[in-house]
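Shown next: coords.cif, given as mmCIF, C-alpha atoms.
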```
data_target
loop_
_atom_site.label_atom_id
_atom_site.label_comp_id
_atom_site.auth_asym_id
_atom_site.auth_seq_id
_atom_site.Cartn_x
_atom_site.Cartn_y
_atom_site.Cartn_z
CA MET M 13 -8.01 28.89 75.65
CA GLY M 14 -7.96 25.25 76.72
CA LEU M 15 -7.35 24.10 73.14
CA VAL M 16 -4.43 26.51 72.79
CA LEU M 17 -2.79 25.35 76.02
CA ARG M 18 -3.27 21.72 75.03
CA ALA M 19 -1.63 22.38 71.65
CA LEU M 20 1.20 24.41 73.20
CA ARG M 21 2.14 21.92 75.91
CA PRO M 22 4.38 19.66 73.75
CA VAL M 23 5.82 22.73 72.04
CA LEU M 24 6.81 24.26 75.38
CA ILE M 25 8.44 20.99 76.41
CA CYS M 26 10.53 21.04 73.21
CA LEU M 27 11.50 24.66 73.81
CA ALA M 28 12.57 23.79 77.36
CA VAL M 29 14.75 20.98 75.99
CA ALA M 30 16.35 23.31 73.43
CA ALA M 31 16.79 26.31 75.76
CA PRO M 32 20.12 25.22 77.36
CA ALA M 33 21.77 24.96 73.93
CA VAL M 34 20.67 28.48 72.99
CA VAL M 35 21.75 30.00 76.30
CA LEU M 36 25.13 28.27 76.39
CA ARG M 37 25.99 29.25 72.83
CA LEU M 38 24.91 32.87 73.33
CA LEU M 39 27.09 33.05 76.44
CA GLY M 40 30.00 31.43 74.61
CA VAL M 41 30.35 28.67 77.19
CA GLU M 42 32.79 25.95 76.14
CA LEU M 43 31.55 22.48 77.05
CA PRO M 44 33.34 19.12 76.96
CA ALA M 45 32.63 17.55 73.59
CA PRO M 46 30.38 14.70 74.85
CA VAL M 47 28.33 17.16 76.93
CA ALA M 48 28.04 19.55 73.99
CA LEU M 49 26.90 16.62 71.85
CA LEU M 50 24.08 15.88 74.29
CA VAL M 51 23.04 19.51 74.73
CA PHE M 52 23.04 20.54 71.08
CA GLY M 53 21.81 17.13 69.90
CA ALA M 54 18.80 17.45 72.21
CA ALA M 55 18.07 20.88 70.74
CA VAL M 56 18.16 19.47 67.18
CA VAL M 57 15.81 16.63 68.16
CA ALA M 58 13.39 19.06 69.84
CA ALA M 59 13.43 21.36 66.81
CA SER M 60 12.89 18.38 64.50
CA PHE M 61 9.72 17.43 66.35
CA MET M 62 8.40 20.99 66.17
CA LEU M 63 9.06 21.12 62.44
CA ALA M 64 7.30 17.80 61.90
CA TRP M 65 4.21 18.95 63.83
CA ALA M 66 4.09 22.29 62.03
CA ALA M 67 4.49 20.71 58.59
CA GLU M 68 1.65 18.24 59.24
CA ALA M 69 -0.69 20.87 60.69
CA ALA M 70 0.03 23.21 57.77
CA GLU M 71 -1.74 20.76 55.46
CA HIS M 72 -5.00 22.27 56.75
CA ASP M 73 -4.24 25.62 55.12
CA ILE M 74 -2.00 25.20 52.09
CA SER M 75 -2.08 22.88 49.11
CA GLY M 76 -0.67 22.50 45.65
CA GLY M 77 2.84 22.83 44.29
CA LEU M 78 3.90 25.75 46.49
CA ALA M 79 2.92 23.88 49.67
CA ILE M 80 4.77 20.76 48.55
CA ALA M 81 7.90 22.77 47.82
CA ILE M 82 7.80 24.67 51.11
CA LEU M 83 7.05 21.66 53.28
CA ALA M 84 9.61 19.44 51.52
CA VAL M 85 12.43 21.90 52.13
CA ILE M 86 11.43 22.71 55.72
CA VAL M 87 10.88 19.15 56.90
CA VAL M 88 14.27 17.92 55.63
CA LEU M 89 16.16 20.86 57.16
CA PRO M 90 17.23 19.00 60.36
CA GLU M 91 18.64 16.09 58.39
CA TYR M 92 20.52 18.28 55.92
CA ALA M 93 21.96 20.87 58.31
CA VAL M 94 24.91 18.72 59.44
CA ASP M 95 25.79 17.43 55.96
CA LEU M 96 25.64 20.86 54.35
CA TYR M 97 27.71 22.35 57.19
CA PHE M 98 30.46 19.80 56.62
CA ALA M 99 30.27 20.25 52.83
CA TYR M 100 30.48 24.04 53.17
CA THR M 101 33.40 24.01 55.62
CA ALA M 102 35.20 21.35 53.60
CA GLY M 103 35.92 24.07 51.05
CA SER M 104 38.38 25.63 53.52
CA ASN M 105 38.99 22.68 55.86
CA PRO M 106 39.99 19.53 53.93
CA GLU M 107 39.54 17.39 57.06
CA HIS M 108 35.77 17.87 56.79
CA VAL M 109 35.64 16.35 53.30
CA ALA M 110 35.57 12.91 54.90
CA TYR M 111 32.34 13.77 56.73
CA ALA M 112 30.57 15.66 53.95
CA ALA M 113 28.28 12.85 52.86
CA ALA M 114 28.41 10.69 55.99
CA ASN M 115 25.09 11.87 57.39
CA MET M 116 23.40 11.32 54.02
CA THR M 117 24.51 7.69 53.68
CA GLY M 118 23.60 6.95 57.29
CA SER M 119 20.18 8.56 57.22
CA ASN M 120 19.41 6.97 53.85
CA ARG M 121 20.21 3.44 55.03
CA LEU M 122 18.48 4.04 58.37
CA LEU M 123 15.31 5.20 56.62
CA LEU M 124 15.10 2.10 54.42
CA GLY M 125 16.65 -0.58 56.61
CA VAL M 126 14.82 0.44 59.78
CA GLY M 127 12.05 2.86 58.77
CA TRP M 128 10.54 0.95 55.86
CA ALA M 129 11.03 -2.41 57.56
CA VAL M 130 9.65 -1.52 61.01
CA VAL M 131 6.58 0.23 59.56
CA VAL M 132 5.67 -2.88 57.55
CA ILE M 133 6.42 -5.32 60.38
CA VAL M 134 4.27 -3.29 62.80
CA ALA M 135 1.47 -2.81 60.26
CA LEU M 136 1.26 -6.50 59.42
CA ALA M 137 1.28 -7.47 63.10
CA VAL M 138 -1.56 -5.01 63.83
CA ALA M 139 -3.53 -6.12 60.78
CA GLY M 140 -3.10 -9.78 61.70
CA LYS M 141 -4.29 -9.15 65.23
CA ARG M 142 -7.37 -7.30 63.99
CA SER M 143 -8.28 -9.86 61.34
CA GLY M 144 -7.42 -12.93 63.38
CA ARG M 145 -5.30 -14.43 60.61
CA PRO M 146 -1.77 -13.88 59.24
CA VAL M 147 -1.41 -10.92 56.88
CA LYS M 148 1.60 -11.24 54.62
CA ALA M 149 2.02 -8.00 52.67
CA VAL M 150 1.23 -4.31 52.48
CA VAL M 151 -0.21 -3.41 49.07
CA LEU M 152 0.62 0.05 47.73
CA ASP M 153 -1.62 2.04 45.41
CA THR M 154 -0.43 2.42 41.81
CA GLY M 155 0.07 6.13 42.40
CA TYR M 156 3.18 5.36 44.47
CA ARG M 157 4.89 4.20 41.28
CA LEU M 158 5.63 7.89 40.64
CA GLU M 159 7.86 8.14 43.73
CA LEU M 160 9.48 4.80 42.95
CA GLY M 161 10.26 6.00 39.43
CA PHE M 162 11.96 9.15 40.67
CA LEU M 163 13.83 7.22 43.33
CA ALA M 164 15.03 4.70 40.73
CA ILE M 165 16.32 7.41 38.40
CA ALA M 166 18.08 9.26 41.22
CA SER M 167 19.72 6.13 42.63
CA ILE M 168 20.93 5.08 39.18
CA LEU M 169 22.47 8.54 38.68
CA SER M 170 24.11 8.22 42.10
CA PHE M 171 26.35 5.42 40.84
CA LEU M 172 28.25 8.12 38.93
CA ILE M 173 29.60 9.24 42.31
CA PRO M 174 31.58 6.10 43.23
CA ILE M 175 32.58 5.63 39.59
CA SER M 176 34.11 9.13 39.40
CA GLY M 177 35.09 9.39 43.07
CA ARG M 178 33.44 12.79 43.43
CA ILE M 179 30.15 14.66 43.34
CA HIS M 180 30.51 17.08 40.44
CA LEU M 181 28.58 20.32 40.34
CA VAL M 182 26.98 19.29 37.03
CA LEU M 183 25.60 16.13 38.65
CA GLY M 184 24.46 18.20 41.62
CA ILE M 185 22.54 20.59 39.39
CA ALA M 186 21.00 17.65 37.53
CA LEU M 187 19.82 16.10 40.81
CA LEU M 188 18.42 19.44 42.00
CA GLY M 189 16.61 19.74 38.68
CA LEU M 190 15.21 16.25 39.19
CA PHE M 191 14.00 17.31 42.64
CA VAL M 192 12.19 20.32 41.18
CA PHE M 193 10.65 18.10 38.50
CA TYR M 194 9.53 15.70 41.23
CA LEU M 195 7.79 18.54 43.08
CA VAL M 196 6.04 19.63 39.89
CA ARG M 197 4.85 16.11 39.12
CA ALA M 198 3.75 15.51 42.71
CA ALA M 199 1.82 18.80 42.65
CA GLN M 200 -0.07 17.60 39.58
CA GLY M 201 -1.30 14.54 41.43
CA GLU M 202 -4.74 14.31 42.93
CA SER M 203 -5.52 12.48 46.12
CA ASP M 204 -8.82 11.94 47.85
CA ASP M 205 -7.20 10.70 51.04
CA GLU M 206 -8.67 12.49 54.03
CA LEU M 207 -6.37 14.59 56.20
CA ASP M 208 -5.50 12.42 59.19
CA LEU M 209 -3.20 14.00 61.76
CA VAL M 210 -2.00 12.40 64.97
CA GLY M 211 -0.64 13.61 68.31
CA PRO M 212 0.49 17.22 68.73
CA ALA M 213 -0.03 17.92 65.02
CA ALA M 214 -3.71 16.99 65.39
CA ARG M 215 -4.06 19.30 68.40
CA ILE M 216 -2.52 22.17 66.47
CA GLY M 217 -4.75 21.36 63.50
CA ASP M 218 -7.85 21.54 65.69
CA LEU M 219 -7.18 25.17 66.65
CA PRO M 220 -9.24 28.00 65.10
CA THR M 221 -7.84 29.07 61.75
CA ALA M 222 -6.13 32.28 62.87
CA GLN M 223 -4.51 30.69 65.92
CA ARG M 224 -3.47 27.61 63.97
CA ARG M 225 -1.81 29.59 61.22
CA GLY M 226 -0.01 31.85 63.68
CA LEU M 227 1.29 28.89 65.66
CA VAL M 228 2.38 26.98 62.54
CA ILE M 229 4.32 29.95 61.18
CA GLY M 230 5.87 30.55 64.59
CA LEU M 231 6.94 26.91 64.84
CA PHE M 232 8.49 27.00 61.38
CA VAL M 233 10.51 30.12 62.18
CA VAL M 234 11.61 29.08 65.68
CA ALA M 235 12.44 25.47 64.81
CA ALA M 236 14.36 26.38 61.64
CA GLY M 237 16.24 29.04 63.59
CA LEU M 238 17.14 26.53 66.30
CA ILE M 239 18.46 24.02 63.78
CA LEU M 240 20.60 26.59 61.96
CA PHE M 241 21.81 27.98 65.30
CA CYS M 242 22.81 24.55 66.64
CA ALA M 243 24.07 22.89 63.43
CA GLU M 244 27.68 24.07 63.74
CA PRO M 245 28.27 23.22 67.43
CA PHE M 246 26.41 19.92 67.02
CA ALA M 247 28.52 18.94 64.00
CA ASN M 248 31.78 19.91 65.69
CA ALA M 249 30.74 18.08 68.87
CA LEU M 250 30.19 14.91 66.83
CA VAL M 251 33.78 14.97 65.56
CA ASP M 252 35.35 16.08 68.84
CA SER M 253 33.41 13.47 70.84
CA GLY M 254 34.87 10.76 68.65
CA THR M 255 38.36 11.90 69.56
CA VAL M 256 37.60 12.15 73.28
CA LEU M 257 35.72 8.84 73.52
CA GLY M 258 37.92 6.91 71.11
CA ILE M 259 35.04 6.29 68.70
CA ASP M 260 35.31 6.57 64.92
CA GLN M 261 34.21 10.14 64.13
CA PHE M 262 32.79 9.05 60.80
CA LEU M 263 30.44 6.63 62.56
CA LEU M 264 29.19 9.33 64.93
CA VAL M 265 28.47 11.68 62.04
CA GLN M 266 26.94 8.89 59.99
CA TRP M 267 24.59 7.42 62.59
CA LEU M 268 24.07 9.68 65.59
CA ALA M 269 23.02 12.77 63.62
CA PRO M 270 20.49 10.82 61.47
CA LEU M 271 18.98 9.27 64.61
CA ALA M 272 18.33 12.79 65.89
CA SER M 273 16.90 14.16 62.65
CA GLU M 274 14.91 11.10 61.51
CA ALA M 275 13.23 10.40 64.86
CA PRO M 276 10.06 12.51 64.32
CA GLU M 277 9.43 11.17 60.82
CA LEU M 278 9.92 7.56 61.87
CA ILE M 279 7.67 7.96 64.92
CA VAL M 280 4.86 9.45 62.79
CA ALA M 281 5.23 6.62 60.25
CA VAL M 282 4.99 3.96 62.98
CA ILE M 283 1.91 5.67 64.46
CA PHE M 284 0.27 5.55 61.03
CA ALA M 285 1.16 1.86 60.76
CA VAL M 286 -0.41 1.14 64.16
CA ARG M 287 -3.57 2.90 63.00
CA GLY M 288 -3.79 0.67 59.94
CA LYS M 289 -2.46 3.22 57.45
CA ALA M 290 0.69 1.41 56.39
CA ALA M 291 0.64 2.38 52.72
CA PRO M 292 0.56 6.18 53.36
CA ALA M 293 3.34 5.71 55.93
CA ILE M 294 5.51 3.84 53.42
CA GLY M 295 4.67 6.43 50.76
CA MET M 296 5.88 9.18 53.08
CA LEU M 297 9.17 7.37 53.70
CA ILE M 298 9.67 6.69 49.98
CA SER M 299 9.17 10.40 49.32
CA ALA M 300 11.76 11.19 51.98
CA LYS M 301 14.28 9.00 50.17
CA VAL M 302 13.56 10.82 46.90
CA ASN M 303 14.41 14.06 48.69
CA GLN M 304 17.62 12.57 50.08
CA TRP M 305 18.90 11.34 46.72
CA THR M 306 17.99 14.54 44.87
CA LEU M 307 17.85 17.63 47.09
CA LEU M 308 20.50 16.60 49.63
CA VAL M 309 23.06 14.96 47.33
CA GLY M 310 22.56 17.70 44.74
CA SER M 311 23.16 20.40 47.34
CA LEU M 312 26.48 19.03 48.59
CA PRO M 313 28.70 20.20 45.68
CA VAL M 314 26.91 23.56 45.70
CA ALA M 315 27.69 24.01 49.41
CA TYR M 316 31.28 22.87 48.84
CA LEU M 317 31.77 25.42 46.06
CA ALA M 318 30.18 28.17 48.16
CA GLY M 319 32.58 27.36 50.99
CA GLY M 320 35.63 27.91 48.80
CA GLY M 321 36.01 24.46 47.25
CA SER M 322 36.23 23.43 43.61
CA VAL M 323 33.42 22.42 41.24
CA ALA M 324 33.53 18.82 42.48
CA LEU M 325 33.33 17.53 46.04
CA PRO M 326 35.94 14.76 46.32
CA MET M 327 35.07 11.44 47.94
CA ASP M 328 37.67 9.42 49.82
CA GLY M 329 37.76 5.64 49.67
CA ARG M 330 35.50 5.23 52.71
CA GLN M 331 32.81 7.51 51.30
CA VAL M 332 32.93 5.80 47.90
CA GLU M 333 32.27 2.47 49.61
CA GLU M 334 29.45 4.02 51.66
CA PHE M 335 27.82 5.42 48.53
CA VAL M 336 28.02 2.05 46.76
CA LEU M 337 26.45 0.31 49.76
CA THR M 338 23.72 2.94 50.13
CA ALA M 339 22.85 2.93 46.43
CA ALA M 340 22.80 -0.87 46.33
CA GLN M 341 20.43 -1.00 49.31
CA THR M 342 18.16 1.55 47.63
CA LEU M 343 18.08 -0.46 44.41
CA LEU M 344 17.01 -3.55 46.33
CA GLY M 345 14.18 -1.60 47.97
CA ILE M 346 13.02 -0.28 44.60
CA ALA M 347 13.35 -3.62 42.80
CA ALA M 348 11.39 -5.48 45.46
CA LEU M 349 8.62 -2.87 45.40
CA LEU M 350 8.16 -2.91 41.62
CA SER M 351 5.11 -5.10 42.24
CA LEU M 352 3.81 -2.48 44.71
CA ARG M 353 3.68 -5.13 47.42
CA PHE M 354 5.80 -4.93 50.58
CA SER M 355 5.96 -8.39 52.13
CA ARG M 356 6.95 -9.43 55.63
CA VAL M 357 9.86 -11.39 54.14
CA LEU M 358 11.18 -8.27 52.43
CA ALA M 359 10.82 -6.21 55.61
CA TRP M 360 12.82 -8.68 57.70
CA THR M 361 15.40 -9.03 54.89
CA LEU M 362 15.99 -5.28 54.76
CA PHE M 363 16.18 -5.04 58.55
CA GLY M 364 18.48 -8.04 58.83
CA LEU M 365 20.89 -6.76 56.19
CA PHE M 366 20.91 -3.36 57.92
CA VAL M 367 22.00 -5.02 61.18
CA VAL M 368 24.62 -7.16 59.43
CA GLN M 369 26.60 -4.08 58.35
CA PHE M 370 27.55 -3.50 61.99
CA LEU M 371 28.69 -7.10 62.41
CA ILE M 372 31.05 -7.04 59.41
CA PRO M 373 32.52 -3.50 59.40
CA GLY M 374 35.39 -2.41 57.22
CA THR M 375 35.99 -2.24 53.49
CA GLU M 376 35.57 -5.98 52.91
CA GLY M 377 32.31 -6.07 54.82
CA ARG M 378 30.87 -3.10 52.94
CA LEU M 379 31.80 -4.55 49.57
CA ILE M 380 30.40 -8.00 50.41
CA LEU M 381 27.14 -6.48 51.66
CA SER M 382 26.92 -4.27 48.55
CA ALA M 383 27.27 -7.38 46.41
CA VAL M 384 24.52 -9.14 48.38
CA TYR M 385 22.20 -6.16 47.92
CA GLY M 386 23.10 -6.08 44.22
CA VAL M 387 22.43 -9.77 43.62
CA LEU M 388 19.09 -9.62 45.44
CA ALA M 389 18.16 -6.45 43.52
CA ILE M 390 18.92 -8.09 40.17
CA GLY M 391 16.88 -11.13 41.19
CA ALA M 392 13.93 -8.93 42.20
CA MET M 393 14.16 -6.97 38.94
CA ILE M 394 14.07 -10.18 36.93
CA MET M 395 11.09 -11.40 38.95
CA HIS M 396 9.21 -8.12 38.43
CA ARG M 397 10.66 -7.25 35.01
CA ARG M 398 7.26 -6.36 33.56
CA GLN M 399 6.92 -3.49 36.03
CA LEU M 400 10.45 -2.13 35.55
CA ILE M 401 9.86 0.00 32.44
CA PRO M 402 6.48 1.37 33.63
CA THR M 403 8.16 2.44 36.89
CA LEU M 404 11.05 4.20 35.15
CA LEU M 405 8.59 5.96 32.82
CA ALA M 406 6.11 6.89 35.57
CA PRO M 407 7.68 10.34 36.22
CA PHE M 408 7.11 11.26 32.57
CA ARG M 409 3.51 10.07 32.30
CA ARG M 410 0.89 12.49 33.52
CA GLU M 411 -1.57 9.81 34.56
CA ALA M 412 1.02 8.30 36.90
CA ALA M 413 0.75 11.33 39.18
CA ILE M 414 -2.91 10.70 39.93
CA VAL M 415 -3.13 8.92 43.26
CA ALA M 416 -6.41 7.10 43.78
CA HIS M 417 -7.90 6.49 47.19
CA GLU M 418 -6.33 3.40 48.69
CA PRO M 419 -9.06 0.73 48.65
CA GLU M 420 -7.33 -1.75 50.92
CA PRO M 421 -3.95 -0.88 52.50
CA VAL M 422 -3.15 -4.38 53.73
CA ARG M 423 -4.14 -7.59 51.97
CA ASP M 424 -3.64 -11.23 52.79
CA ARG M 425 -1.82 -12.63 49.78
CA ALA M 426 1.25 -14.73 49.20
CA SER M 427 4.35 -12.70 49.91
CA VAL M 428 6.74 -11.75 47.15
CA GLY M 429 10.37 -10.56 47.07
#
```
Let's see the structure in the file written out as structure tokens.
Amino acid sequence: MGLVLRALRPVLICLAVAAPAVVLRLLGVELPAPVALLVFGAAVVAASFMLAWAAEAAEHDISGGLAIAILAVIVVLPEYAVDLYFAYTAGSNPEHVAYAAANMTGSNRLLLGVGWAVVVIVALAVAGKRSGRPVKAVVLDTGYRLELGFLAIASILSFLIPISGRIHLVLGIALLGLFVFYLVRAAQGESDDELDLVGPAARIGDLPTAQRRGLVIGLFVVAAGLILFCAEPFANALVDSGTVLGIDQFLLVQWLAPLASEAPELIVAVIFAVRGKAAPAIGMLISAKVNQWTLLVGSLPVAYLAGGGSVALPMDGRQVEEFVLTAAQTLLGIAALLSLRFSRVLAWTLFGLFVVQFLIPGTEGRLILSAVYGVLAIGAMIMHRRQLIPTLLAPFRREAAIVAHEPEPVRDRASVG
């Protein structure tokens, strides 16, 4: 009984945080937009943590392609709820077209510019402290070239969006097909990494089998229900709060929602980095970006069509610029990692460029920053040109899906990139 109570304690705290949102919406209480943003945003964050814990603990009981498919869709649900809501309602409300892809571009850049960078910076600091000497780079196993290959293909396809000024249904279906192919290839991979859970997920995983499975299923159902229940009021509160507070609504949708949905994943990745498991943490975040560029972007025109729109979700000038900037940042991340080494210099570069975007806002700033990302990406590709073709072909080579045990996650070598 003690184990169950210990596992349930963080879950009950999350439910207590989410309860006001459920009660207020069921009662139909109208709240001022900023208050509604806090209430429903807190519920989304709480549900996101529960989903993350359940998905990690579920690794005890399910494996293979079906598990990968189920967990991939469930874990990304918080992040996608807002974007898909705006895409769906844009079919009947043209004002929402401007916000349809805002959350995607924000969460994508946040994941790479902050997530990737912070994990590496923390990991290298911890490794240096333990070894007593500077450690300059995280070295990834060759198996991660599979994810990089899929991410490269998806990001290259994404440039069709700013070129055409829309996300066509055909492109959406192609990206969804790429996502399915990614799941199949990932399911074919073999890994001898031991299951290593942390925090509440570890406590849930330590429960007896029957209790663990019951709790995991319950968390999936409750957390997913909370996210779907709160997605609409949270999304509307984002836009309305911008009007009330005099803040650009696009910025609230682009950055505040991703902060809520990405928090659990980023926290888990940092914990892994602190424990000396930087490479698996980076691998998890790379996989998340594959999901963003395939599943999320591919779903947007489908949601738009389902909501009464046409076969192509139009992009306004602001969203075109955001897509160019996001794709350019992704290409730099891929190009610099072609050598499968993530250096401290690269981490600080990605983080610094992420911060710069807030110092030079506007069209000119976004275009200049996109050009900087592009030039650096081209330079990195030239430097690592021998690894470019093998990376692009990795998704189509069966042996690339086999992930060997990581012999040494952090090595002291000269930094690259």
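In this comparison, which uses only C-alpha atoms, the residue of M:Ala236, M:Val196, M:Val109, M:Met327 approaching M:Pro174 most closely is M:Met327.
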Handout entry: Chain and number of each residue from the PyMOL selection byres ((chain M and resi 333) around 8), as a list in words
Key = Pro174, Gly329, Arg330, Gln331, Val332, Glu334, Phe335, Val336, Leu337, Thr375, Arg378 and Leu379 of chain M
Using all atoms of stretch 325-328 of chain M listed in the file and a margin of 5 Å per side, can you give the axis-aligned box centre and edge lengths in Å to one decimal, as lines of an AutoDock Vina configuration file?
```
center_x = 35.5
center_y = 13.5
center_z = 47.9
size_x = 14.3
size_y = 18.1
size_z = 13.8
```
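Candidate residues M:Leu158, M:Ala31, M:Ala340, M:Leu231 were compared for distance to M:Phe171, and the nearest is M:Ala340, using only C-alpha atoms.
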Practice task
Apply the PyMOL selection byres ((chain M and resi 393) around 12) to the structure shown and report the selected residues as a PyMOL selection string.
Solution key: chain M and resi 164+343-351+386-392+394-401+403+429
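For the pair atom CA of M:Tyr156 and atom CA of M:Ala281, the separation is 16.0 Å.
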Handout entry: atom CA of M:Leu271 to atom CA of M:Ile175, straight-line distance in Å
Key =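 Distance reported for this atom pair: 28.7 Å.
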Practice task
Specify as a PyMOL selection string each residue included when the PyMOL selection byres ((chain M and resi 307) around 12) is applied to this file.
Solution key: chain M and resi 81+84-86+88-89+91-92+95-96+116+163+166+183-195+299-306+308-315
Write a file of the just-selected residues containing C-alpha atoms, as a PDB file, keeping the file's coordinate frame.
```
ATOM      1  CA  ALA M  81       7.900  22.770  47.820  1.00  0.00           C
ATOM      2  CA  ALA M  84       9.610  19.440  51.520  1.00  0.00           C
ATOM      3  CA  VAL M  85      12.430  21.900  52.130  1.00  0.00           C
ATOM      4  CA  ILE M  86      11.430  22.710  55.720  1.00  0.00           C
ATOM      5  CA  VAL M  88      14.270  17.920  55.630  1.00  0.00           C
ATOM      6  CA  LEU M  89      16.160  20.860  57.160  1.00  0.00           C
ATOM      7  CA  GLU M  91      18.640  16.090  58.390  1.00  0.00           C
ATOM      8  CA  TYR M  92      20.520  18.280  55.920  1.00  0.00           C
ATOM      9  CA  ASP M  95      25.790  17.430  55.960  1.00  0.00           C
ATOM     10  CA  LEU M  96      25.640  20.860  54.350  1.00  0.00           C
ATOM     11  CA  MET M 116      23.400  11.320  54.020  1.00  0.00           C
ATOM     12  CA  LEU M 163      13.830   7.220  43.330  1.00  0.00           C
ATOM     13  CA  ALA M 166      18.080   9.260  41.220  1.00  0.00           C
ATOM     14  CA  LEU M 183      25.600  16.130  38.650  1.00  0.00           C
ATOM     15  CA  GLY M 184      24.460  18.200  41.620  1.00  0.00           C
ATOM     16  CA  ILE M 185      22.540  20.590  39.390  1.00  0.00           C
ATOM     17  CA  ALA M 186      21.000  17.650  37.530  1.00  0.00           C
ATOM     18  CA  LEU M 187      19.820  16.100  40.810  1.00  0.00           C
ATOM     19  CA  LEU M 188      18.420  19.440  42.000  1.00  0.00           C
ATOM     20  CA  GLY M 189      16.610  19.740  38.680  1.00  0.00           C
ATOM     21  CA  LEU M 190      15.210  16.250  39.190  1.00  0.00           C
ATOM     22  CA  PHE M 191      14.000  17.310  42.640  1.00  0.00           C
ATOM     23  CA  VAL M 192      12.190  20.320  41.180  1.00  0.00           C
ATOM     24  CA  PHE M 193      10.650  18.100  38.500  1.00  0.00           C
ATOM     25  CA  TYR M 194       9.530  15.700  41.230  1.00  0.00           C
ATOM     26  CA  LEU M 195       7.790  18.540  43.080  1.00  0.00           C
ATOM     27  CA  SER M 299       9.170  10.400  49.320  1.00  0.00           C
ATOM     28  CA  ALA M 300      11.760  11.190  51.980  1.00  0.00           C
ATOM     29  CA  LYS M 301      14.280   9.000  50.170  1.00  0.00           C
ATOM     30  CA  VAL M 302      13.560  10.820  46.900  1.00  0.00           C
ATOM     31  CA  ASN M 303      14.410  14.060  48.690  1.00  0.00           C
ATOM     32  CA  GLN M 304      17.620  12.570  50.080  1.00  0.00           C
ATOM     33  CA  TRP M 305      18.900  11.340  46.720  1.00  0.00           C
ATOM     34  CA  THR M 306      17.990  14.540  44.870  1.00  0.00           C
ATOM     35  CA  LEU M 308      20.500  16.600  49.630  1.00  0.00           C
ATOM     36  CA  VAL M 309      23.060  14.960  47.330  1.00  0.00           C
ATOM     37  CA  GLY M 310      22.560  17.700  44.740  1.00  0.00           C
ATOM     38  CA  SER M 311      23.160  20.400  47.340  1.00  0.00           C
ATOM     39  CA  LEU M 312      26.480  19.030  48.590  1.00  0.00           C
ATOM     40  CA  PRO M 313      28.700  20.200  45.680  1.00  0.00           C
ATOM     41  CA  VAL M 314      26.910  23.560  45.700  1.00  0.00           C
ATOM     42  CA  ALA M 315      27.690  24.010  49.410  1.00  0.00           C
TER      43      ALA M 315
END
```
Exercise for the section: Write out as a PyMOL selection string the residues lying within 12 Å of M:Val35, counting only C-alpha atoms and excluding same-chain residues fewer than 3 positions away. Expected result: chain M and resi 27-32+38-42+51-52+55+238+241-242
Kindly export the residues of the current selection with C-alpha atoms, as a compact mmCIF listing (two decimals), in the coordinates of the input.
```
# COMPACT_ATOMS: atom_id res chain seq x y z
CA LEU M 27 11.50 24.66 73.81
CA ALA M 28 12.57 23.79 77.36
CA VAL M 29 14.75 20.98 75.99
CA ALA M 30 16.35 23.31 73.43
CA ALA M 31 16.79 26.31 75.76
CA PRO M 32 20.12 25.22 77.36
CA LEU M 38 24.91 32.87 73.33
CA LEU M 39 27.09 33.05 76.44
CA GLY M 40 30.00 31.43 74.61
CA VAL M 41 30.35 28.67 77.19
CA GLU M 42 32.79 25.95 76.14
CA VAL M 51 23.04 19.51 74.73
CA PHE M 52 23.04 20.54 71.08
CA ALA M 55 18.07 20.88 70.74
CA LEU M 238 17.14 26.53 66.30
CA PHE M 241 21.81 27.98 65.30
CA CYS M 242 22.81 24.55 66.64
```
Handout entry: Residue nearest M:Val228 among M:Ala48, M:Pro402, M:Asp73, M:Gly374 (counting only C-alpha atoms)
Key =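 Nearest candidate to M:Val228 out of M:Ala48, M:Pro402, M:Asp73, M:Gly374: M:Asp73.
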Practice task
Tell me which protein, DNA and RNA residues are within 8 Å of M:Trp267, counting all atoms listed in the file, leaving out same-chain ones fewer than 2 positions away, and put them as a list in words.
Solution key: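 Surrounding residues, per the criterion: Asn115, Gly118, Ser119, Leu263, Leu264, Val265, Ala269, Pro270 and Leu271 of chain M.
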Problem - Pairwise distance for atom CA of M:Ser143 and atom CA of M:Arg353, rounded to one decimal in Å - result: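 A separation of 19.0 Å between them.
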Practice task
Might you pull out every residue within 12 Å of M:Gly288, with all atoms listed in the file counted and same-chain residues fewer than 2 positions away left off, and present them as an NGL selection string?
Solution key: :M and (131-143 or 150 or 208 or 281-286 or 290-294 or 418 or 420-423)
Practice task
Measuring atom to atom with only C-alpha atoms, identify which of M:Trp65, M:Trp128, M:Phe98, M:Phe246 is nearest to M:Leu50.
Solution key: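 Smallest distance to M:Leu50 is found for M:Phe246.
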Practice task
Write out as a VMD selection string the residues lying within 9 Å of M:Glu68, counting all atoms listed in the file and excluding same-chain residues fewer than 2 positions away.
Solution key: chain M and resid 63 to 66 70 to 72 83 209 to 210 213 to 214 217
